[in-house]
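Below is one structure, written out as structure tokens, with a few remarks after it.
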Amino acid sequence: MKKVCVITGGGSGMGFETARQMGKDYYIIICGRNGKKLEGAVHELKAEGIEAEAFPCDVSDYQSVEKLAACAKEKGKVAAVIHAAGMSPHMGDAKSIMEANALGTIYMNNAFFKIMGEGSCIIDVSSMSAYLTPKLVMPVGLYKYSIINPELFIKKIMKRIAFFPKSVQAGVAYGISKNFVIWFAKQDAARFGKKGARVLSVSPGNFETPMGELEKEEADAYTKHCAIKRFGRVSEIASLFAYCASESAGYLTGVDILCDGGLVASGVNPLGKK
């Protein structure tokens, strides 16, 4: 059977570069909401001799995610899932961000848990914002509802976000959603482990991607505090994803890997000051 790798947000940026790298060893299914962008990406992958296909999917819609999982299962053994799809504060309002980032992670993990088995791995992509957003903002006590009732979880989180000024709600939602991704991946490790599968999260810093370009002004202010004073290259984060999903990392699960050029280690606060 073919080894299948599913990559959400695979039409561009770090998702697309990951498809290029992992396409040497896997049959690739790239997903996203923009079908035209996906088809263009598949065309590029095939030109490099990579077996790939596009599957339009909205990760905030569980039925859409279930169809994606069913499609992947038909292609072979789902050995790796890189869940890189998400929204930044520059791409939507607070509710849209929570649904894409938090609800999308719940739906992806739940749907693919049903079809993944021994030796497989799912990587949920978070962000260094999970570390930079003040801990006082994080409603960690509400995260448990994500396991019982994902829709109720989102409602409760949105009520909490509503206490913040409208002007900062999108940013707060982003920080919370990415902090939640780390929490959810960690708590899901035991469930996946019973099937001999792994789940972990990776938290990228500022990378040279289309999303990174939208945040360039803010990101430039942070870069001077990094140990490595530049944006990350997509090839670097893609290589990390590929390694973490490989058999070589078979004992790695239930952990978050921060890949931010040393920004968080610098002790910088959310205002870009120490």
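Naming scheme: A, B, ... for chains in displayed order of the structure tokens; residues 1 onward per chain; ligands 1 onward as shown.
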I want to know what sits within 8 Å of Ile106 of chain A, based on only C-alpha atoms, with residues of the same chain fewer than 6 positions away left out; could you give that as a PyMOL selection string? chain A and resi 146+150+184
Okay, now the selection with N, CA and C atoms, as a PDB file, in the first residue's frame?
ATOM      1  N   SER A 146     -13.530  20.955  24.888  1.00  0.00           N
ATOM      2  CA  SER A 146     -13.229  20.565  23.504  1.00  0.00           C
ATOM      3  C   SER A 146     -13.334  19.055  23.312  1.00  0.00           C
ATOM      4  N   PRO A 150     -17.129  20.052  21.122  1.00  0.00           N
ATOM      5  CA  PRO A 150     -16.334  21.094  20.466  1.00  0.00           C
ATOM      6  C   PRO A 150     -17.091  22.394  20.206  1.00  0.00           C
ATOM      7  N   PHE A 184      -4.157  20.637  23.158  1.00  0.00           N
ATOM      8  CA  PHE A 184      -4.944  19.543  22.591  1.00  0.00           C
ATOM      9  C   PHE A 184      -4.039  18.427  22.081  1.00  0.00           C
TER      10      PHE A 184
END
Exercise: Tyr143 of chain A partners within 9 Å, only C-alpha atoms, chain neighbours under 5 positions left out, as a ChimeraX atom specification: /A:153,157,180,183-184
Under the rule of at most 12 Å, produce a per-residue listing of segment 24-65 of chain A near segment 95-98 of chain A: chain, number, name, the closest pair of atoms, and the distance in Å, as a tab-separated table, using only C-alpha atoms.
residue	atom	partner	partner_atom	distance
A:Asp58	CA	A:Ser96	CA	11.7
A:Val59	CA	A:Ser96	CA	11.4
A:Ser60	CA	A:Ser96	CA	8.8
A:Asp61	CA	A:Ser96	CA	11.7
Might you pull out every residue within 7 Å of Val78 of chain A, with only C-alpha atoms counted and same-chain residues fewer than 3 positions away left off, and present them as a PyMOL selection string? chain A and resi 3-5+72-73+116+120
Since we have the selection now, will you write its residues out, keeping N, CA and C atoms, as a PDB file, in the first residue's frame?
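out-v8.pdb written:
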ATOM      1  N   LYS A   3       2.162   4.847   1.116  1.00  0.00           N
ATOM      2  CA  LYS A   3       2.181   5.658   2.327  1.00  0.00           C
ATOM      3  C   LYS A   3       1.625   7.027   1.940  1.00  0.00           C
ATOM      4  N   VAL A   4       0.588   7.451   2.630  1.00  0.00           N
ATOM      5  CA  VAL A   4      -0.092   8.704   2.306  1.00  0.00           C
ATOM      6  C   VAL A   4       0.252   9.771   3.335  1.00  0.00           C
ATOM      7  N   CYS A   5       0.497  10.980   2.850  1.00  0.00           N
ATOM      8  CA  CYS A   5       0.700  12.138   3.717  1.00  0.00           C
ATOM      9  C   CYS A   5      -0.328  13.198   3.346  1.00  0.00           C
ATOM     10  N   ALA A  72      -8.384  10.017   1.927  1.00  0.00           N
ATOM     11  CA  ALA A  72      -7.004   9.625   2.226  1.00  0.00           C
ATOM     12  C   ALA A  72      -6.903   8.125   2.483  1.00  0.00           C
ATOM     13  N   LYS A  73      -7.877   7.579   3.191  1.00  0.00           N
ATOM     14  CA  LYS A  73      -7.875   6.144   3.507  1.00  0.00           C
ATOM     15  C   LYS A  73      -7.960   5.299   2.240  1.00  0.00           C
ATOM     16  N   MET A 116      -6.001   6.284  11.387  1.00  0.00           N
ATOM     17  CA  MET A 116      -4.553   6.161  11.520  1.00  0.00           C
ATOM     18  C   MET A 116      -4.210   5.024  12.473  1.00  0.00           C
ATOM     19  N   SER A 120       1.953   5.721  12.587  1.00  0.00           N
ATOM     20  CA  SER A 120       1.531   6.962  11.935  1.00  0.00           C
ATOM     21  C   SER A 120       1.714   8.158  12.869  1.00  0.00           C
TER      22      SER A 120
END
Restricting the calculation to only C-alpha atoms: of A:Gly15, A:Lys2, A:Ala47, A:Gly250, which residue gets closest to Tyr27 of chain A?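 Among the listed residues, A:Lys2 lies closest to Tyr27 of chain A.
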For Leu263 of chain A, please output as number ranges by chain all residues within 6 Å (counting only C-alpha atoms; exclusion window: fewer than 2 positions along the same chain). A: 225-226, 260-261, 265-266
Nearest to Asn149 of chain A by atom-to-atom distance, counting only C-alpha atoms, from A:Ala219, A:Ile50, A:Leu240, A:Leu103: A:Leu103
For segment 16-26 of chain A, list every protein, DNA or RNA residue within 10 Å, evaluated using only C-alpha atoms, and leave out those in the same chain fewer than 6 positions away; present the list as a ChimeraX atom specification. /A:2-10,38,41-42,44-46,48-52,77-80,82,84,233-243,245-246
Nearest to Ile161 of chain A by atom-to-atom distance, counting only C-alpha atoms, from A:Ala173, A:Ala185, A:Val81, A:Ala249: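 Between A:Ala173, A:Ala185, A:Val81, A:Ala249, the residue approaching Ile161 of chain A most closely is A:Ala173.
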Coordinates-based distance that separates atom CA of Ile176 of chain A from atom CA of Ala130 of chain A (Å, one decimal):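 Pair atom CA of Ala130 of chain A / atom CA of Ile176 of chain A returns 6.9 Å.
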Taking only segment 48-140 of chain A into account, list the residues labelled strand (DSSP E) by DSSP (computed from the backbone), as a PyMOL selection string. chain A and resi 52-56+77-83+121-125
Between A:Asn101, A:Ser129, A:Gln63, A:Asn110, single out the one closest to Gly175 of chain A, counting only C-alpha atoms. A:Ser129
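All residues of protein, DNA or RNA that reach within 9 Å of Asn179 of chain A, judged by only C-alpha atoms and not counting those fewer than 5 positions away in the chain, are Ser126, Ser127, Met128, Ser129, Ala130, Tyr131, Thr133, Met138, Val140, Tyr174 and Phe184 of chain A.
Distance annotation: of A:Leu152, A:Gly104, A:Ile29, A:Cys57, the residue with the minimal separation from Gly76 of chain A is A:Ile29; atom set is only C-alpha atoms.
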Per-residue DSSP, segment 30-237 of chain A, filtered to alpha helix (DSSP H), as a VMD selection string: chain A and resid 35 to 47 62 to 75 94 to 98 104 to 113 129 to 132 145 to 148 150 to 161 169 to 193 210 to 214 216 to 223 234 to 237
At a cut-off of 12 Å, using only C-alpha atoms, what residues contact Lys36 of chain A? Leave out same-chain residues fewer than 5 positions from it and give the result as a ChimeraX atom specification. /A:11-12,31,41-43,54-56
